[in-house]
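*Asks:* So that you have it, the file is coords10.cif, and it contains mmCIF, C-alpha atoms and all ligand atoms:
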data_target
#
loop_
_atom_site.label_atom_id
_atom_site.label_comp_id
_atom_site.auth_asym_id
_atom_site.auth_seq_id
_atom_site.Cartn_x
_atom_site.Cartn_y
_atom_site.Cartn_z
CA MET O 1 0.00 0.00 0.00
CA SER O 2 1.76 3.19 -1.12
CA TRP O 3 1.14 6.53 0.55
CA THR O 4 1.43 10.02 -0.84
CA ASN O 5 0.92 13.41 0.71
CA ARG O 6 -2.49 13.57 -0.96
CA ASP O 7 -3.71 10.56 0.98
CA ARG O 8 -5.20 11.09 4.40
CA ARG O 9 -5.33 8.37 7.00
CA ILE O 10 -6.54 8.23 10.58
CA ILE O 11 -6.55 5.24 12.94
CA ILE O 12 -9.55 4.68 15.20
CA GLY O 13 -9.28 2.34 18.20
CA ILE O 14 -12.55 1.31 19.84
CA THR O 15 -12.32 -0.09 23.37
CA GLY O 16 -14.77 -1.37 25.95
CA ALA O 17 -15.87 1.86 27.57
CA SER O 18 -19.38 3.20 27.25
CA GLY O 19 -19.68 5.52 24.24
CA ALA O 20 -19.61 3.33 21.13
CA PRO O 21 -21.88 5.82 19.24
CA TYR O 22 -19.04 8.36 19.39
CA ALA O 23 -16.81 5.91 17.52
CA VAL O 24 -19.31 5.14 14.77
CA ARG O 25 -20.08 8.83 14.17
CA THR O 26 -16.36 9.70 14.10
CA ILE O 27 -15.69 7.00 11.52
CA GLU O 28 -18.67 8.13 9.43
CA LEU O 29 -17.52 11.75 9.32
CA LEU O 30 -13.89 10.91 8.58
CA ALA O 31 -14.95 8.59 5.76
CA GLN O 32 -17.25 11.29 4.36
CA ARG O 33 -14.19 13.52 4.08
CA GLU O 34 -12.50 10.84 1.99
CA ILE O 35 -10.07 10.06 4.76
CA GLU O 36 -8.94 6.43 4.88
CA VAL O 37 -10.04 5.20 8.29
CA HIS O 38 -8.17 2.28 9.81
CA VAL O 39 -10.24 0.76 12.59
CA VAL O 40 -9.36 -1.73 15.29
CA VAL O 41 -11.80 -2.87 17.97
CA SER O 42 -10.97 -4.56 21.28
CA THR O 43 -12.95 -7.59 22.45
CA LEU O 44 -14.96 -5.51 24.92
CA GLY O 45 -15.24 -2.78 22.30
CA ARG O 46 -17.20 -5.26 20.17
CA ARG O 47 -19.53 -5.93 23.07
CA LEU O 48 -20.20 -2.22 23.53
CA LEU O 49 -20.83 -1.77 19.78
CA LEU O 50 -23.50 -4.44 20.12
CA GLU O 51 -25.07 -3.16 23.32
CA GLU O 52 -25.01 0.55 22.47
CA CYS O 53 -25.28 0.63 18.66
CA GLY O 54 -26.93 -2.71 17.90
CA ILE O 55 -24.00 -3.72 15.68
CA VAL O 56 -23.99 -7.51 15.58
CA ASP O 57 -21.38 -7.95 12.84
CA VAL O 58 -18.47 -5.56 13.14
CA THR O 59 -17.58 -4.87 9.50
CA ALA O 60 -16.42 -1.90 7.43
CA SER O 61 -20.04 -1.43 6.34
CA SER O 62 -21.55 -1.52 9.81
CA LEU O 63 -18.95 0.96 11.10
CA ALA O 64 -19.11 3.37 8.17
CA GLY O 65 -22.63 4.61 8.97
CA HIS O 66 -23.96 6.45 5.90
CA SER O 67 -20.53 6.90 4.36
CA ASP O 68 -18.66 4.76 1.83
CA PRO O 69 -17.43 1.54 3.51
CA ALA O 70 -14.57 1.46 0.99
CA GLN O 71 -12.99 4.25 3.08
CA VAL O 72 -12.88 1.97 6.14
CA VAL O 73 -10.16 -0.64 6.67
CA LEU O 74 -10.99 -2.96 9.56
CA HIS O 75 -8.13 -4.78 11.32
CA SER O 76 -8.41 -7.74 13.65
CA GLY O 77 -7.74 -6.75 17.24
CA ARG O 78 -5.50 -9.80 17.60
CA ASP O 79 -3.38 -9.21 14.49
CA MET O 80 -0.17 -7.78 15.89
CA GLY O 81 1.26 -7.95 12.36
CA ALA O 82 -1.28 -5.50 10.92
CA VAL O 83 0.14 -2.46 9.12
CA ILE O 84 -1.02 -0.10 11.87
CA ALA O 85 1.26 -1.94 14.34
CA SER O 86 4.30 -0.58 12.50
CA GLY O 87 5.95 2.78 13.06
CA SER O 88 6.55 2.99 9.32
CA PHE O 89 2.80 3.25 8.65
CA GLN O 90 2.10 6.84 7.63
CA HIS O 91 -0.97 8.49 9.11
CA GLU O 92 -2.18 11.73 10.65
CA GLY O 93 -3.02 10.42 14.09
CA MET O 94 -5.02 7.96 16.13
CA ILE O 95 -8.14 8.42 18.20
CA VAL O 96 -9.04 5.85 20.84
CA VAL O 97 -12.77 6.42 21.20
CA PRO O 98 -14.13 5.46 23.59
CA CYS O 99 -11.00 4.79 25.64
CA SER O 100 -11.44 2.53 28.67
CA SER O 101 -9.48 2.87 31.90
CA ASN O 102 -8.00 -0.51 31.09
CA THR O 103 -6.50 0.71 27.81
CA LEU O 104 -5.47 3.97 29.47
CA GLY O 105 -3.57 1.99 32.10
CA ALA O 106 -1.96 -0.32 29.56
CA LEU O 107 -0.73 2.64 27.51
CA ALA O 108 0.56 4.47 30.57
CA SER O 109 2.63 1.45 31.53
CA GLY O 110 3.88 0.76 28.00
CA MET O 111 1.98 -2.52 27.61
CA THR O 112 0.90 -3.56 24.13
CA ASN O 113 -1.04 -6.79 24.43
CA THR O 114 -3.65 -5.94 21.80
CA LEU O 115 -3.56 -4.23 18.42
CA VAL O 116 -5.41 -1.21 19.84
CA GLN O 117 -2.68 -0.81 22.44
CA ARG O 118 0.16 -1.48 20.01
CA ALA O 119 -1.11 0.99 17.39
CA ALA O 120 -1.60 3.65 20.08
CA ALA O 121 1.85 3.07 21.62
CA VAL O 122 3.46 3.26 18.18
CA THR O 123 1.55 6.46 17.37
CA LEU O 124 2.96 7.95 20.58
CA LYS O 125 6.54 6.84 20.02
CA GLU O 126 6.46 8.17 16.45
CA GLY O 127 5.34 11.57 17.71
CA ARG O 128 2.01 11.50 15.90
CA PRO O 129 -1.17 12.84 17.51
CA LEU O 130 -2.78 10.37 19.91
CA LEU O 131 -6.20 11.35 21.23
CA LEU O 132 -7.58 9.34 24.13
CA ALA O 133 -11.32 9.92 24.46
CA HIS O 134 -11.60 8.42 27.92
CA ARG O 135 -14.86 7.50 29.60
CA GLU O 136 -15.25 6.51 33.22
CA THR O 137 -16.68 8.22 36.26
CA PRO O 138 -15.63 8.87 38.93
CA LEU O 139 -11.91 8.79 38.20
CA SER O 140 -9.60 6.92 40.55
CA ARG O 141 -6.23 8.41 41.39
CA ILE O 142 -4.78 5.65 39.24
CA ASP O 143 -6.77 6.94 36.24
CA ILE O 144 -5.66 10.49 36.99
CA GLY O 145 -2.02 9.40 37.32
CA ASN O 146 -2.24 7.46 34.07
CA MET O 147 -3.69 10.50 32.30
CA ASP O 148 -0.92 12.69 33.68
CA ARG O 149 1.73 10.25 32.50
CA LEU O 150 0.27 9.93 29.04
CA ALA O 151 -0.23 13.68 28.67
CA ALA O 152 3.42 14.19 29.61
CA ALA O 153 4.36 11.68 26.91
CA GLY O 154 2.47 13.66 24.27
CA ALA O 155 -1.03 12.14 24.23
CA THR O 156 -4.11 14.34 24.39
CA ILE O 157 -6.67 13.28 26.98
CA ILE O 158 -10.17 14.21 25.82
CA PRO O 159 -12.78 13.10 28.36
CA LEU O 160 -16.11 12.24 26.77
CA SER O 161 -17.95 15.08 28.48
CA PRO O 162 -20.06 17.07 26.01
CA GLY O 163 -20.87 20.70 26.68
CA PHE O 164 -24.40 22.03 26.95
CA TYR O 165 -23.86 25.61 25.78
CA THR O 166 -25.02 24.64 22.28
CA GLN O 167 -28.35 23.57 23.83
CA PRO O 168 -28.37 19.96 22.58
CA ARG O 169 -31.81 18.49 21.95
CA SER O 170 -30.88 14.85 21.35
CA ILE O 171 -28.31 12.17 22.00
CA GLU O 172 -27.10 12.78 18.44
CA ASP O 173 -26.41 16.42 19.33
CA LEU O 174 -24.35 15.35 22.35
CA VAL O 175 -22.42 12.83 20.26
CA ASP O 176 -21.78 15.42 17.54
CA PHE O 177 -20.45 17.90 20.08
CA MET O 178 -17.74 15.48 21.21
CA VAL O 179 -16.96 14.25 17.70
CA GLY O 180 -16.57 17.86 16.59
CA ARG O 181 -14.04 18.46 19.34
CA LEU O 182 -12.11 15.33 18.34
CA LEU O 183 -11.99 16.41 14.69
CA ASP O 184 -10.94 19.92 15.73
CA ARG O 185 -7.99 18.47 17.54
CA LEU O 186 -6.78 16.76 14.37
CA GLY O 187 -7.45 19.85 12.23
CA ILE O 188 -10.22 18.18 10.23
CA ASP O 189 -12.91 20.49 8.84
CA HIS O 190 -16.49 19.94 9.95
CA ASP O 191 -19.67 21.89 10.53
CA LEU O 192 -20.75 20.24 13.76
CA PRO O 193 -22.19 22.59 16.40
CA VAL O 194 -19.34 23.03 18.85
CA ARG O 195 -18.52 26.72 18.60
CA TRP O 196 -19.49 29.23 21.22
CA GLU O 197 -19.16 31.98 18.58
CA ASP O 198 -21.95 30.30 16.57
CA VAL O 199 -24.16 30.22 19.67
CA MET O 200 -23.58 33.94 20.07
CA LEU O 201 -24.33 34.61 16.38
CA GLY O 202 -27.47 32.49 16.69
CA GLY O 203 -28.98 35.00 19.09
CA GLN O 204 -28.07 33.69 22.54
CA PRO O 205 -28.54 36.69 24.83
CA SER O 206 -25.44 37.84 26.63
CA VAL O 207 -25.72 37.40 30.39
CA ASP O 208 -23.04 38.81 32.61
CA SER O 209 -21.94 37.13 35.81
CA GLU O 210 -23.93 39.50 38.05
CA THR O 211 -27.28 38.71 36.43
CA ALA O 212 -26.62 35.04 35.67
CA SER O 213 -27.81 33.89 39.11
CA ASN O 214 -31.35 35.04 38.21
CA THR O 215 -31.36 33.35 34.82
CA VAL O 216 -32.92 29.99 34.04
CA PRO O 217 -30.28 27.78 32.35
CA GLY O 218 -31.14 27.22 28.69
CA GLY O 219 -33.82 29.90 28.84
CA GLY O 220 -32.32 31.95 26.02
CA SER O 221 -33.20 31.62 22.37
CA ARG O 222 -31.92 28.52 20.63
CA SER O 223 -28.96 28.67 18.32
CA ASN O 224 -29.60 27.69 14.70
CA THR O 225 -26.19 26.02 14.44
C1 LIG H 1 -21.40 -2.74 29.55
C2 LIG H 1 -20.01 -2.36 29.95
C3 LIG H 1 -19.70 -1.03 30.10
C4 LIG H 1 -18.42 -0.63 30.47
N1 LIG H 1 -18.13 0.70 30.58
C5 LIG H 1 -16.87 1.09 30.88
C6 LIG H 1 -16.56 2.49 30.91
O1 LIG H 1 -17.38 3.36 30.64
N2 LIG H 1 -15.27 2.82 31.19
C7 LIG H 1 -14.30 1.88 31.44
O2 LIG H 1 -13.15 2.28 31.67
N3 LIG H 1 -14.59 0.55 31.43
C8 LIG H 1 -15.84 0.13 31.16
N4 LIG H 1 -16.14 -1.21 31.12
C9 LIG H 1 -15.10 -2.17 31.50
C10 LIG H 1 -14.16 -2.50 30.35
O3 LIG H 1 -14.87 -3.02 29.25
C11 LIG H 1 -13.10 -3.51 30.82
O4 LIG H 1 -12.23 -2.86 31.75
C12 LIG H 1 -12.30 -4.13 29.71
O5 LIG H 1 -11.27 -4.90 30.26
C13 LIG H 1 -11.73 -3.10 28.78
O6 LIG H 1 -10.90 -3.74 27.83
P1 LIG H 1 -10.33 -2.96 26.58
O7 LIG H 1 -9.66 -1.72 27.09
O8 LIG H 1 -9.35 -3.89 25.94
O9 LIG H 1 -11.47 -2.69 25.68
C14 LIG H 1 -17.42 -1.62 30.73
C15 LIG H 1 -17.75 -2.97 30.57
C16 LIG H 1 -19.00 -3.34 30.18
C17 LIG H 1 -19.33 -4.79 29.99
#
Would you put the structure from the file into C-alpha cells?
Ligand SMILES: Cc1cc2nc3c(=O)[nH]c(=O)nc-3n(C[C@H](O)[C@H](O)[C@H](O)COP(=O)(O)O)c2cc1C

*Replies:*
Amino acid sequence: MSWTNRDRRIIIGITGASGAPYAVRTIELLAQREIEVHVVVSTLGRRLLLEECGIVDVTASSLAGHSDPAQVVLHSGRDMGAVIASGSFQHEGMIVVPCSSNTLGALASGMTNTLVQRAAAVTLKEGRPLLLAHRETPLSRIDIGNMDRLAAAGATIIPLSPGFYTQPRSIEDLVDFMVGRLLDRLGIDHDLPVRWEDVMLGGQPSVDSETASNTVPGGGSRSNT
C-alpha cells in the first residue's frame, strides 16, 4: 500500500468503555471527508458496539454509517502484524474512542497486548497525535495518574464530556459535540455545532456574571447552528 501526501489516513481504536456511538459517528464523518479510516476494535469494544449501537457484525459497512465503507479498513484486534502496528505506517493520528481505563492503564505502563494498544503506543513513540477519548466516572487516582503520564508523553486526553452551551436536543447532538471536538484536535474540517461563537451569532442573549444567578439555564433563544 503506497502513501502520498495527498492521501489522508486516521486510525480509530474502539475499546470497551461506554460511548460506542461516538466511535461510529467519528468513523462516518472521517470517511465522508474521503479520509482512509483504519479501525481496530478490542474484544470488549465489540460488546459495547452491540449493546449501544446494535452492531452484531463488526464490518467496514456496519462501522461506516452512511458513508462509503470502501474508506474503512478494519483490522483484527488480535493481528499484531497489521500495518497499523508498525511505526513505518504513515498516518495523521489515532483516536481511541471510547477509551477505557483498562486501555489507558496499559498505555501508561507501556503494555501492548492488543492491536489497539500497540497501534496507540506506536503512534505515541512516532510523535504522531494520539487522542484518548476516555470515559469513566468517577476517576480513581490511578486513572488520573495514568492520564498525567500519558499527557506528559504527548497524548491528548479528551474526556467524553459534552458541553451544553449549544443547547443539545438529542443524544445525536451530544455525540456530535464530542466528535466535533475530536476532529478539531486533528485539524479536520467539519460543521458540527461546537462553537461558542456560533451560539452567540445564533442570538443567545449575553448574560453577565452579576445577572446570571437570576437566569434559568437554557432559557435563552436557541442557536440555529
Ligand atoms: C457494559 C459495559 C460497560 C463498560 N463501561 C466502561 C466504561 O465506561 N469505562 C471503562 O473504563 N470501562 C468500562 N467497562 C469495563 C471495560 O470493558 C473492561 O475494563 C475491559 O477490560 C476493557 O478492555 P479494553 O480496554 O481492551 O477494551 C465496561 C464494561 C461493560 C461490559

*Asks:* So that each row is one residue of chain O with an atom at most 12 Å from ligand LIG 1 (chain H), can you give its shortest atom pair and the distance in Å to one decimal, using only C-alpha atoms and all ligand atoms, rows by chain and rising number, as JSON lines?

*Replies:*
{"residue": "O:Gly13", "atom": "CA", "partner": "H:LIG1", "partner_atom": "O9", "distance": 9.3}
{"residue": "O:Ile14", "atom": "CA", "partner": "H:LIG1", "partner_atom": "O9", "distance": 7.2}
{"residue": "O:Thr15", "atom": "CA", "partner": "H:LIG1", "partner_atom": "O9", "distance": 3.6}
{"residue": "O:Gly16", "atom": "CA", "partner": "H:LIG1", "partner_atom": "O9", "distance": 3.6}
{"residue": "O:Ala17", "atom": "CA", "partner": "H:LIG1", "partner_atom": "C6", "distance": 3.5}
{"residue": "O:Ser18", "atom": "CA", "partner": "H:LIG1", "partner_atom": "O1", "distance": 3.9}
{"residue": "O:Gly19", "atom": "CA", "partner": "H:LIG1", "partner_atom": "O1", "distance": 7.1}
{"residue": "O:Ala20", "atom": "CA", "partner": "H:LIG1", "partner_atom": "O1", "distance": 9.8}
{"residue": "O:Val40", "atom": "CA", "partner": "H:LIG1", "partner_atom": "O9", "distance": 10.6}
{"residue": "O:Val41", "atom": "CA", "partner": "H:LIG1", "partner_atom": "O9", "distance": 7.7}
{"residue": "O:Ser42", "atom": "CA", "partner": "H:LIG1", "partner_atom": "O9", "distance": 4.8}
{"residue": "O:Thr43", "atom": "CA", "partner": "H:LIG1", "partner_atom": "O9", "distance": 6.1}
{"residue": "O:Leu44", "atom": "CA", "partner": "H:LIG1", "partner_atom": "O9", "distance": 4.6}
{"residue": "O:Gly45", "atom": "CA", "partner": "H:LIG1", "partner_atom": "O9", "distance": 5.1}
{"residue": "O:Arg46", "atom": "CA", "partner": "H:LIG1", "partner_atom": "O9", "distance": 8.4}
{"residue": "O:Arg47", "atom": "CA", "partner": "H:LIG1", "partner_atom": "C17", "distance": 7.0}
{"residue": "O:Leu48", "atom": "CA", "partner": "H:LIG1", "partner_atom": "C1", "distance": 6.2}
{"residue": "O:Leu49", "atom": "CA", "partner": "H:LIG1", "partner_atom": "C1", "distance": 9.8}
{"residue": "O:Leu50", "atom": "CA", "partner": "H:LIG1", "partner_atom": "C1", "distance": 9.8}
{"residue": "O:Glu51", "atom": "CA", "partner": "H:LIG1", "partner_atom": "C1", "distance": 7.2}
{"residue": "O:Glu52", "atom": "CA", "partner": "H:LIG1", "partner_atom": "C1", "distance": 8.6}
{"residue": "O:Gly77", "atom": "CA", "partner": "H:LIG1", "partner_atom": "O8", "distance": 9.3}
{"residue": "O:Arg78", "atom": "CA", "partner": "H:LIG1", "partner_atom": "O8", "distance": 10.9}
{"residue": "O:Val96", "atom": "CA", "partner": "H:LIG1", "partner_atom": "O7", "distance": 9.8}
{"residue": "O:Val97", "atom": "CA", "partner": "H:LIG1", "partner_atom": "O9", "distance": 10.2}
{"residue": "O:Pro98", "atom": "CA", "partner": "H:LIG1", "partner_atom": "O1", "distance": 8.0}
{"residue": "O:Cys99", "atom": "CA", "partner": "H:LIG1", "partner_atom": "O7", "distance": 6.8}
{"residue": "O:Ser100", "atom": "CA", "partner": "H:LIG1", "partner_atom": "O2", "distance": 3.5}
{"residue": "O:Ser101", "atom": "CA", "partner": "H:LIG1", "partner_atom": "O2", "distance": 3.7}
{"residue": "O:Asn102", "atom": "CA", "partner": "H:LIG1", "partner_atom": "O7", "distance": 4.5}
{"residue": "O:Thr103", "atom": "CA", "partner": "H:LIG1", "partner_atom": "O7", "distance": 4.1}
{"residue": "O:Leu104", "atom": "CA", "partner": "H:LIG1", "partner_atom": "O7", "distance": 7.5}
{"residue": "O:Gly105", "atom": "CA", "partner": "H:LIG1", "partner_atom": "O7", "distance": 8.7}
{"residue": "O:Ala106", "atom": "CA", "partner": "H:LIG1", "partner_atom": "O7", "distance": 8.2}
{"residue": "O:Leu107", "atom": "CA", "partner": "H:LIG1", "partner_atom": "O7", "distance": 9.9}
{"residue": "O:Met111", "atom": "CA", "partner": "H:LIG1", "partner_atom": "O8", "distance": 11.5}
{"residue": "O:Thr112", "atom": "CA", "partner": "H:LIG1", "partner_atom": "O8", "distance": 10.4}
{"residue": "O:Asn113", "atom": "CA", "partner": "H:LIG1", "partner_atom": "O8", "distance": 8.9}
{"residue": "O:Thr114", "atom": "CA", "partner": "H:LIG1", "partner_atom": "O8", "distance": 7.3}
{"residue": "O:Leu115", "atom": "CA", "partner": "H:LIG1", "partner_atom": "O8", "distance": 9.5}
{"residue": "O:Val116", "atom": "CA", "partner": "H:LIG1", "partner_atom": "O8", "distance": 7.7}
{"residue": "O:Gln117", "atom": "CA", "partner": "H:LIG1", "partner_atom": "O8", "distance": 8.1}
{"residue": "O:Arg118", "atom": "CA", "partner": "H:LIG1", "partner_atom": "O8", "distance": 11.5}
{"residue": "O:Ala120", "atom": "CA", "partner": "H:LIG1", "partner_atom": "O7", "distance": 12.0}
{"residue": "O:Leu132", "atom": "CA", "partner": "H:LIG1", "partner_atom": "O7", "distance": 11.6}
{"residue": "O:Ala133", "atom": "CA", "partner": "H:LIG1", "partner_atom": "N2", "distance": 10.6}
{"residue": "O:His134", "atom": "CA", "partner": "H:LIG1", "partner_atom": "O2", "distance": 7.4}
{"residue": "O:Arg135", "atom": "CA", "partner": "H:LIG1", "partner_atom": "O1", "distance": 5.0}
{"residue": "O:Glu136", "atom": "CA", "partner": "H:LIG1", "partner_atom": "N2", "distance": 4.2}
{"residue": "O:Thr137", "atom": "CA", "partner": "H:LIG1", "partner_atom": "O1", "distance": 7.5}
{"residue": "O:Pro138", "atom": "CA", "partner": "H:LIG1", "partner_atom": "N2", "distance": 9.8}
{"residue": "O:Leu139", "atom": "CA", "partner": "H:LIG1", "partner_atom": "O2", "distance": 9.3}
{"residue": "O:Ser140", "atom": "CA", "partner": "H:LIG1", "partner_atom": "O2", "distance": 10.6}
{"residue": "O:Ile142", "atom": "CA", "partner": "H:LIG1", "partner_atom": "O2", "distance": 11.8}
{"residue": "O:Asp143", "atom": "CA", "partner": "H:LIG1", "partner_atom": "O2", "distance": 9.1}
{"residue": "O:Pro159", "atom": "CA", "partner": "H:LIG1", "partner_atom": "N2", "distance": 10.9}
{"residue": "O:Leu160", "atom": "CA", "partner": "H:LIG1", "partner_atom": "O1", "distance": 9.8}
{"residue": "O:Ser161", "atom": "CA", "partner": "H:LIG1", "partner_atom": "O1", "distance": 11.9}

*Asks:* Which polymer residues have any atom within 6 Å of an atom of stretch 27-30 of chain O, counting all atoms listed in the file, with same-chain residues fewer than 5 positions away left out, as a count of residues only?

*Replies:* 4

*Asks:* With distances taken over all atoms listed in the file, which of O:Ala108, O:Phe177, O:Asp189, O:Val73 is nearest to O:Ala152?

*Replies:*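 Residue with the minimum atom-to-atom distance to O:Ala152: O:Ala108.
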
*Asks:* Please report the interatomic distance between atom CA of O:Ala23 and atom CA of O:Leu63 in Å with one decimal.

*Replies:* 8.4 Å

*Asks:* Skip stretch 82-85 of chain O itself and residues of its chain fewer than 5 positions away, then list as a list of chain:residue names all residues within 8 Å of it, counting all atoms listed in the file.

*Replies:*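 Listed by chain and then number, they are O:Ile11, O:His38, O:His75, O:Ser76, O:Leu115, O:Arg118, O:Ala119, O:Val122.
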
*Asks:* Emit the selected residues as an mmCIF file, in the coordinates of the input, including C-alpha atoms.

*Replies:*
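Just written: again.cif:
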data_model
loop_
_atom_site.group_PDB
_atom_site.id
_atom_site.type_symbol
_atom_site.label_atom_id
_atom_site.label_comp_id
_atom_site.auth_asym_id
_atom_site.auth_seq_id
_atom_site.Cartn_x
_atom_site.Cartn_y
_atom_site.Cartn_z
ATOM 1 C CA ILE O 11 -6.550 5.240 12.940
ATOM 2 C CA HIS O 38 -8.170 2.280 9.810
ATOM 3 C CA HIS O 75 -8.130 -4.780 11.320
ATOM 4 C CA SER O 76 -8.410 -7.740 13.650
ATOM 5 C CA LEU O 115 -3.560 -4.230 18.420
ATOM 6 C CA ARG O 118 0.160 -1.480 20.010
ATOM 7 C CA ALA O 119 -1.110 0.990 17.390
ATOM 8 C CA VAL O 122 3.460 3.260 18.180
#

*Asks:* Tell me, in Å to one decimal, how far atom CA of O:Asn146 is from atom CA of O:Ser109.

*Replies:* 8.1 Å

*Asks:* Using only C-alpha atoms for the distances, tell me which of O:Leu150, O:Ile144, O:Ala155, O:Ile55 is nearest to O:Gly127.

*Replies:*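 Residue with the minimum atom-to-atom distance to O:Gly127: O:Ala155.
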
*Asks:* Which residues, written as a list in words, have at least one atom at most 8 Å from O:Leu124, with only C-alpha atoms counted and residues fewer than 5 positions away on the same chain left out?

*Replies:*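 These residues fall inside the cut-off: Pro129, Leu130, Ala153, Gly154 and Ala155 of chain O.
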
*Asks:* Using only C-alpha atoms, find the one residue out of O:Leu192, O:Leu186, O:Val175, O:Ala31 that sits nearest to O:Asp68.

*Replies:* O:Ala31

*Asks:* When you count only C-alpha atoms, which of these residues is closest to O:Val199: O:Pro162, O:Leu174, O:Leu183, O:Gln167?

*Replies:*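 Of O:Pro162, O:Leu174, O:Leu183, O:Gln167, the one nearest O:Val199, counting only C-alpha atoms, is O:Gln167.
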
*Asks:* Go through O:Arg25, O:Arg149, O:Arg8, O:Arg195 and flag the residue nearest O:Val179, using all atoms listed in the file for the distances.

*Replies:*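 Checking each candidate against O:Val179, we get O:Arg25 as the closest.
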
*Asks:* Between O:Cys53, O:Ala60, O:Ile188, O:Ile171, which one has atoms that come closest to O:Arg9, using all atoms listed in the file?

*Replies:*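 The shortest atom-to-atom distance to O:Arg9 comes from O:Ile188.
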
*Asks:* Neighbours of O:Thr166 within 8 Å (all atoms listed in the file; same-chain residues fewer than 2 positions away dropped), as a list in words?

*Replies:*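 Those residues are Gly163, Phe164, Pro168, Pro193, Val194, Arg195, Trp196, Val199 and Ser223 of chain O.
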
*Asks:* Grab the atom CA of O:Val58 to atom CA of O:Glu92 distance for me, in Å with one decimal place.

*Replies:*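 One can read the atom CA of O:Val58 to atom CA of O:Glu92 distance as 23.9 Å.
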
*Asks:* Tell me, as a PDB file with C-alpha atoms, keeping the file's coordinate frame, which residues lie within 8 Å of O:Leu182, counting all atoms listed in the file; anything in the same chain fewer than 2 positions away does not count.

*Replies:*
ATOM      1  CA  ILE O  95      -8.140   8.420  18.200  1.00  0.00           C
ATOM      2  CA  LEU O 131      -6.200  11.350  21.230  1.00  0.00           C
ATOM      3  CA  ILE O 158     -10.170  14.210  25.820  1.00  0.00           C
ATOM      4  CA  MET O 178     -17.740  15.480  21.210  1.00  0.00           C
ATOM      5  CA  VAL O 179     -16.960  14.250  17.700  1.00  0.00           C
ATOM      6  CA  GLY O 180     -16.570  17.860  16.590  1.00  0.00           C
ATOM      7  CA  ASP O 184     -10.940  19.920  15.730  1.00  0.00           C
ATOM      8  CA  ARG O 185      -7.990  18.470  17.540  1.00  0.00           C
ATOM      9  CA  LEU O 186      -6.780  16.760  14.370  1.00  0.00           C
TER      10      LEU O 186
END
